[in-house]
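work-v3.csv follows; it contains CSV, C-alpha atoms.
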```csv
chain,number,residue,atom,x,y,z
I,1,MET,CA,-78.2,-128.5,50.1
I,2,ALA,CA,-77.9,-132.0,51.5
I,3,GLN,CA,-74.7,-130.9,53.3
I,4,ALA,CA,-76.6,-128.3,55.4
I,5,PHE,CA,-79.4,-130.6,56.4
I,6,GLY,CA,-77.4,-133.8,56.6
I,7,SER,CA,-78.5,-137.4,55.8
I,8,LEU,CA,-79.9,-140.2,57.9
I,9,LYS,CA,-77.9,-142.9,56.1
I,10,GLU,CA,-74.3,-143.4,56.7
I,11,ASN,CA,-72.2,-143.5,53.5
I,12,LEU,CA,-71.3,-147.1,53.6
I,13,TYR,CA,-69.8,-149.0,50.7
I,14,GLN,CA,-71.3,-152.4,49.9
I,15,SER,CA,-68.2,-154.1,51.5
I,16,ASP,CA,-68.7,-152.1,54.7
I,17,TYR,CA,-72.4,-153.2,54.8
I,18,ILE,CA,-71.5,-156.8,54.3
I,19,ARG,CA,-68.7,-156.6,56.9
I,20,ARG,CA,-71.1,-155.2,59.5
I,21,LYS,CA,-73.5,-158.1,58.7
I,22,ILE,CA,-70.7,-160.6,59.2
I,23,GLY,CA,-69.6,-158.9,62.3
I,24,LYS,CA,-73.1,-159.1,63.8
I,25,SER,CA,-73.2,-162.9,63.2
I,26,VAL,CA,-69.7,-163.3,64.6
I,27,TYR,CA,-70.7,-161.3,67.7
I,28,CYS,CA,-73.9,-163.2,68.3
I,29,ASN,CA,-74.4,-166.6,66.7
I,30,ALA,CA,-76.6,-167.7,69.6
I,31,PRO,CA,-77.9,-165.7,72.5
I,32,SER,CA,-75.8,-167.7,75.0
I,33,TYR,CA,-72.5,-166.6,73.2
I,34,CYS,CA,-73.2,-162.9,73.1
I,35,ASN,CA,-70.6,-160.6,74.7
I,36,GLN,CA,-68.0,-163.4,74.7
I,37,ILE,CA,-65.3,-164.4,72.4
I,38,LYS,CA,-63.9,-167.8,73.4
I,39,SER,CA,-61.0,-168.0,71.0
I,40,ALA,CA,-59.9,-166.1,67.9
I,41,ASN,CA,-57.7,-167.5,65.2
I,42,SER,CA,-56.9,-164.1,63.8
I,43,TYR,CA,-57.0,-160.4,64.4
I,44,ASN,CA,-59.7,-160.2,61.7
I,45,THR,CA,-62.0,-162.4,63.8
I,46,VAL,CA,-61.5,-160.1,66.9
I,47,ASN,CA,-62.1,-157.0,64.7
I,48,LEU,CA,-65.3,-158.5,63.3
I,49,PHE,CA,-66.4,-159.3,66.8
I,50,ASN,CA,-65.8,-155.7,68.0
I,51,LEU,CA,-67.6,-154.4,64.9
I,52,GLY,CA,-70.6,-156.6,65.5
I,53,ARG,CA,-70.8,-155.5,69.2
I,54,TYR,CA,-70.7,-151.9,68.1
I,55,SER,CA,-73.4,-152.5,65.5
I,56,ARG,CA,-75.7,-154.4,67.9
I,57,ASN,CA,-75.3,-151.7,70.6
I,58,LEU,CA,-76.3,-149.0,68.1
I,59,GLU,CA,-79.5,-151.0,67.3
I,60,ALA,CA,-80.3,-151.9,70.9
I,61,ASN,CA,-80.0,-148.4,72.2
I,62,HIS,CA,-81.6,-146.8,69.1
I,63,ILE,CA,-78.5,-144.7,68.6
I,64,ILE,CA,-78.2,-143.0,65.2
I,65,ALA,CA,-74.6,-143.1,64.0
I,66,ILE,CA,-74.7,-139.7,62.4
I,67,ASN,CA,-74.0,-136.1,63.3
I,68,LYS,CA,-76.7,-135.0,65.7
I,69,THR,CA,-76.1,-131.3,64.8
I,70,ASN,CA,-77.5,-131.7,61.3
I,71,LEU,CA,-80.8,-130.0,60.8
I,72,ILE,CA,-82.5,-133.3,59.7
I,73,MET,CA,-82.3,-134.6,63.3
I,74,GLY,CA,-85.1,-132.2,64.3
I,75,GLN,CA,-87.5,-134.4,62.3
I,76,TYR,CA,-86.5,-137.6,64.1
I,77,THR,CA,-85.7,-136.6,67.6
I,78,LYS,CA,-87.1,-134.8,70.6
I,79,SER,CA,-85.4,-133.5,73.7
I,80,ASN,CA,-85.8,-135.4,77.0
I,81,LEU,CA,-85.0,-132.6,79.5
I,82,GLU,CA,-86.1,-134.5,82.6
I,83,GLY,CA,-83.8,-133.6,85.5
I,84,VAL,CA,-82.1,-130.8,83.5
I,85,CYS,CA,-82.1,-127.3,84.9
I,86,THR,CA,-83.4,-125.3,82.0
I,87,ALA,CA,-84.5,-122.0,83.7
I,88,ILE,CA,-84.6,-120.4,87.1
I,89,PRO,CA,-87.0,-117.5,88.1
I,90,THR,CA,-84.3,-115.0,88.9
I,91,PRO,CA,-82.8,-112.3,86.7
I,92,PRO,CA,-79.7,-113.4,84.7
I,93,CYS,CA,-76.8,-114.3,86.9
I,94,ILE,CA,-73.4,-112.5,86.6
I,95,SER,CA,-71.6,-115.8,87.0
I,96,ILE,CA,-72.6,-119.4,87.5
I,97,ASP,CA,-71.4,-119.2,91.1
I,98,SER,CA,-73.8,-116.4,91.9
I,99,CYS,CA,-76.9,-118.4,90.9
I,100,VAL,CA,-78.9,-120.7,93.0
I,101,PRO,CA,-79.8,-123.1,90.2
I,102,CYS,CA,-83.0,-125.1,90.2
I,103,ALA,CA,-83.8,-124.6,93.9
I,104,GLU,CA,-87.5,-125.0,92.9
I,105,LYS,CA,-88.9,-128.3,91.8
I,106,TYR,CA,-91.5,-126.7,89.6
I,107,PRO,CA,-91.1,-125.3,86.1
I,108,VAL,CA,-90.8,-121.6,85.7
I,109,PRO,CA,-94.2,-120.2,84.7
I,110,ILE,CA,-94.5,-118.3,81.5
I,111,ASN,CA,-96.6,-115.1,81.7
I,112,SER,CA,-98.0,-114.5,78.3
I,113,GLU,CA,-99.2,-111.0,79.3
I,114,ASP,CA,-95.7,-109.9,80.3
I,115,LEU,CA,-94.3,-107.5,77.7
I,116,ASN,CA,-90.7,-108.2,78.6
I,117,PRO,CA,-88.9,-111.1,76.9
I,118,PHE,CA,-88.7,-114.3,79.1
I,119,TYR,CA,-85.0,-114.1,79.5
I,120,TRP,CA,-85.1,-110.6,81.1
I,121,ASN,CA,-86.6,-112.0,84.3
I,122,ASN,CA,-85.3,-115.6,84.2
I,123,THR,CA,-81.9,-117.2,83.8
I,124,LEU,CA,-81.8,-119.8,81.0
I,125,ASP,CA,-79.6,-122.8,81.4
I,126,PRO,CA,-77.9,-121.6,84.6
I,127,LEU,CA,-75.6,-124.7,84.9
I,128,GLY,CA,-74.6,-124.8,81.2
I,129,GLU,CA,-76.1,-128.3,80.7
I,130,LEU,CA,-77.7,-127.4,77.4
I,131,PHE,CA,-75.5,-124.7,75.8
I,132,GLY,CA,-72.4,-124.9,78.0
I,133,ASN,CA,-70.5,-122.2,79.9
I,134,THR,CA,-67.7,-122.0,77.4
I,135,GLN,CA,-67.6,-122.1,73.6
I,136,CYS,CA,-66.6,-125.8,73.7
I,137,GLY,CA,-69.9,-126.8,75.4
I,138,GLU,CA,-72.3,-125.1,73.0
I,139,LEU,CA,-73.8,-128.3,71.6
I,140,ASN,CA,-74.5,-130.0,75.0
I,141,TYR,CA,-78.2,-130.2,74.1
I,142,THR,CA,-77.5,-133.0,71.7
I,143,LYS,CA,-76.8,-135.3,74.7
I,144,TYR,CA,-80.5,-135.1,75.5
I,145,MET,CA,-81.8,-136.0,72.0
I,146,VAL,CA,-83.9,-139.2,71.9
I,147,LEU,CA,-85.5,-140.8,68.8
I,148,TYR,CA,-89.1,-139.8,68.1
I,149,PRO,CA,-90.9,-142.0,67.3
I,150,PRO,CA,-88.8,-144.6,69.2
I,151,THR,CA,-88.0,-146.7,66.2
I,152,ASN,CA,-84.7,-146.6,64.3
I,153,PRO,CA,-85.3,-144.7,61.0
I,154,ILE,CA,-82.2,-146.1,59.4
```

Output the file's structure in the form of structure tokens.
Amino acid sequence: MAQAFGSLKENLYQSDYIRRKIGKSVYCNAPSYCNQIKSANSYNTVNLFNLGRYSRNLEANHIIAINKTNLIMGQYTKSNLEGVCTAIPTPPCISIDSCVPCAEKYPVPINSEDLNPFYWNNTLDPLGELFGNTQCGELNYTKYMVLYPPTNPI
């Protein structure tokens, strides 16, 4: 069951956890030395520096280093669809080139008294920003996931 829903914690061994901690300290011993590596006496030092930079960037940007398509992500994220063309008030387009996407700056109103489904009279995701225009882009909506609440749950 855990495979279907996913997990918030990465499967790290103790040695990986310790290596990330060391990498963070190598990357940023003091604020004036962040983002710089003056000299490295071994490849291991450079590797730790890069691992520390990766770990700090994950923390700073509240990025969750797990698979966003797992069902558990719905409990910790919300979609920020600002600036995304989600629907246009025209019947479904035959092709993306025949649509005039997002010409209006206002959201498409939902008429609760209309007996027809919403998608009969409106085109959903006309540009393919959320679900893609091909099978390869079907998970585009994960790009718009942001943490909710904005704290790192890991």

Legend entry - Selected residue of minimal separation from Ile37 in chain I among I:Pro107, I:Gly6, I:Pro91, I:Gly52, counting all atoms listed in the file: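 Between I:Pro107, I:Gly6, I:Pro91, I:Gly52, the residue approaching Ile37 in chain I most closely is I:Gly52.
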
For range 131-144 of chain I, please output as a PDB file with C-alpha atoms, keeping the file's coordinate frame all residues within 8 Å (counting only C-alpha atoms; exclusion window: fewer than 5 positions along the same chain).
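Contents of the output file part29.pdb:
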```pdb
ATOM      1  CA  LYS I  68     -76.700-135.000  65.700  1.00  0.00           C
ATOM      2  CA  THR I  69     -76.100-131.300  64.800  1.00  0.00           C
ATOM      3  CA  SER I  79     -85.400-133.500  73.700  1.00  0.00           C
ATOM      4  CA  ASN I  80     -85.800-135.400  77.000  1.00  0.00           C
ATOM      5  CA  LEU I  81     -85.000-132.600  79.500  1.00  0.00           C
ATOM      6  CA  ASP I 125     -79.600-122.800  81.400  1.00  0.00           C
TER       7      ASP I 125
END
```

Skipping near chain neighbours, those fewer than 3 positions away, what residues fall within 7 Å of Val108 in chain I using all atoms listed in the file, listed as a PDB file with C-alpha atoms, in the coordinates of the input?
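The resulting out-v4.pdb:
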```pdb
ATOM      1  CA  ALA I  87     -84.500-122.000  83.700  1.00  0.00           C
ATOM      2  CA  ILE I  88     -84.600-120.400  87.100  1.00  0.00           C
ATOM      3  CA  PRO I  89     -87.000-117.500  88.100  1.00  0.00           C
TER       4      PRO I  89
END
```

Inset, instruction - Can you work out which one of I:Val146, I:Thr123, I:Asn70, I:Asn47 has the shortest atom-to-atom distance to Cys99 in chain I, counting all atoms listed in the file? - result: I:Thr123

Inset, instruction - Have a look at I:Ile94, I:Phe49, I:Ile22, I:Cys85 and name the one nearest to Gln36 in chain I; count all atoms listed in the file. - result: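 With all atoms listed in the file as the atom set, the closest residue is I:Phe49.
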
Got a sec: who's within 8 Å of Pro92 in chain I, counting all atoms listed in the file, leaving out chain neighbours fewer than 2 positions off, as a PDB file with C-alpha atoms, in the coordinates of the input?
```pdb
ATOM      1  CA  THR I  90     -84.300-115.000  88.900  1.00  0.00           C
ATOM      2  CA  ILE I  94     -73.400-112.500  86.600  1.00  0.00           C
ATOM      3  CA  TYR I 119     -85.000-114.100  79.500  1.00  0.00           C
ATOM      4  CA  TRP I 120     -85.100-110.600  81.100  1.00  0.00           C
ATOM      5  CA  ASN I 121     -86.600-112.000  84.300  1.00  0.00           C
ATOM      6  CA  ASN I 122     -85.300-115.600  84.200  1.00  0.00           C
ATOM      7  CA  THR I 123     -81.900-117.200  83.800  1.00  0.00           C
ATOM      8  CA  LEU I 124     -81.800-119.800  81.000  1.00  0.00           C
TER       9      LEU I 124
END
```

Inset, instruction - Identify which of the residues I:Leu130, I:Cys28, I:Pro117, I:Leu71 lies closest to Gly83 in chain I, counting only C-alpha atoms when measuring atom-to-atom distances. - result: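 Ranked by minimum distance to Gly83 in chain I, first place goes to I:Leu130.
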
Inset, instruction - Point out the residue among I:Ile18, I:Met73, I:Val26, I:Ile110 with the least atom-to-atom distance to Ala40 in chain I, counting all atoms listed in the file. - result: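 Going through I:Ile18, I:Met73, I:Val26, I:Ile110 one by one, the smallest distance to Ala40 in chain I is for I:Val26.
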
Inset, instruction - Mind giving me the straight-line distance from CA of Asn57 in chain I to CA of Gly23 in chain I in Å, one decimal? - result: 12.4 Å

Inset, instruction - Just give me the gap between CA of Arg56 in chain I and CA of Tyr27 in chain I in Å, one decimal is fine. - result: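 We find that CA of Arg56 in chain I and CA of Tyr27 in chain I lie 8.5 Å from each other.
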
Inset, instruction - Calculate how many Å separate CA of Cys93 in chain I from CA of Glu129 in chain I, rounding to one decimal. - result: 15.3 Å
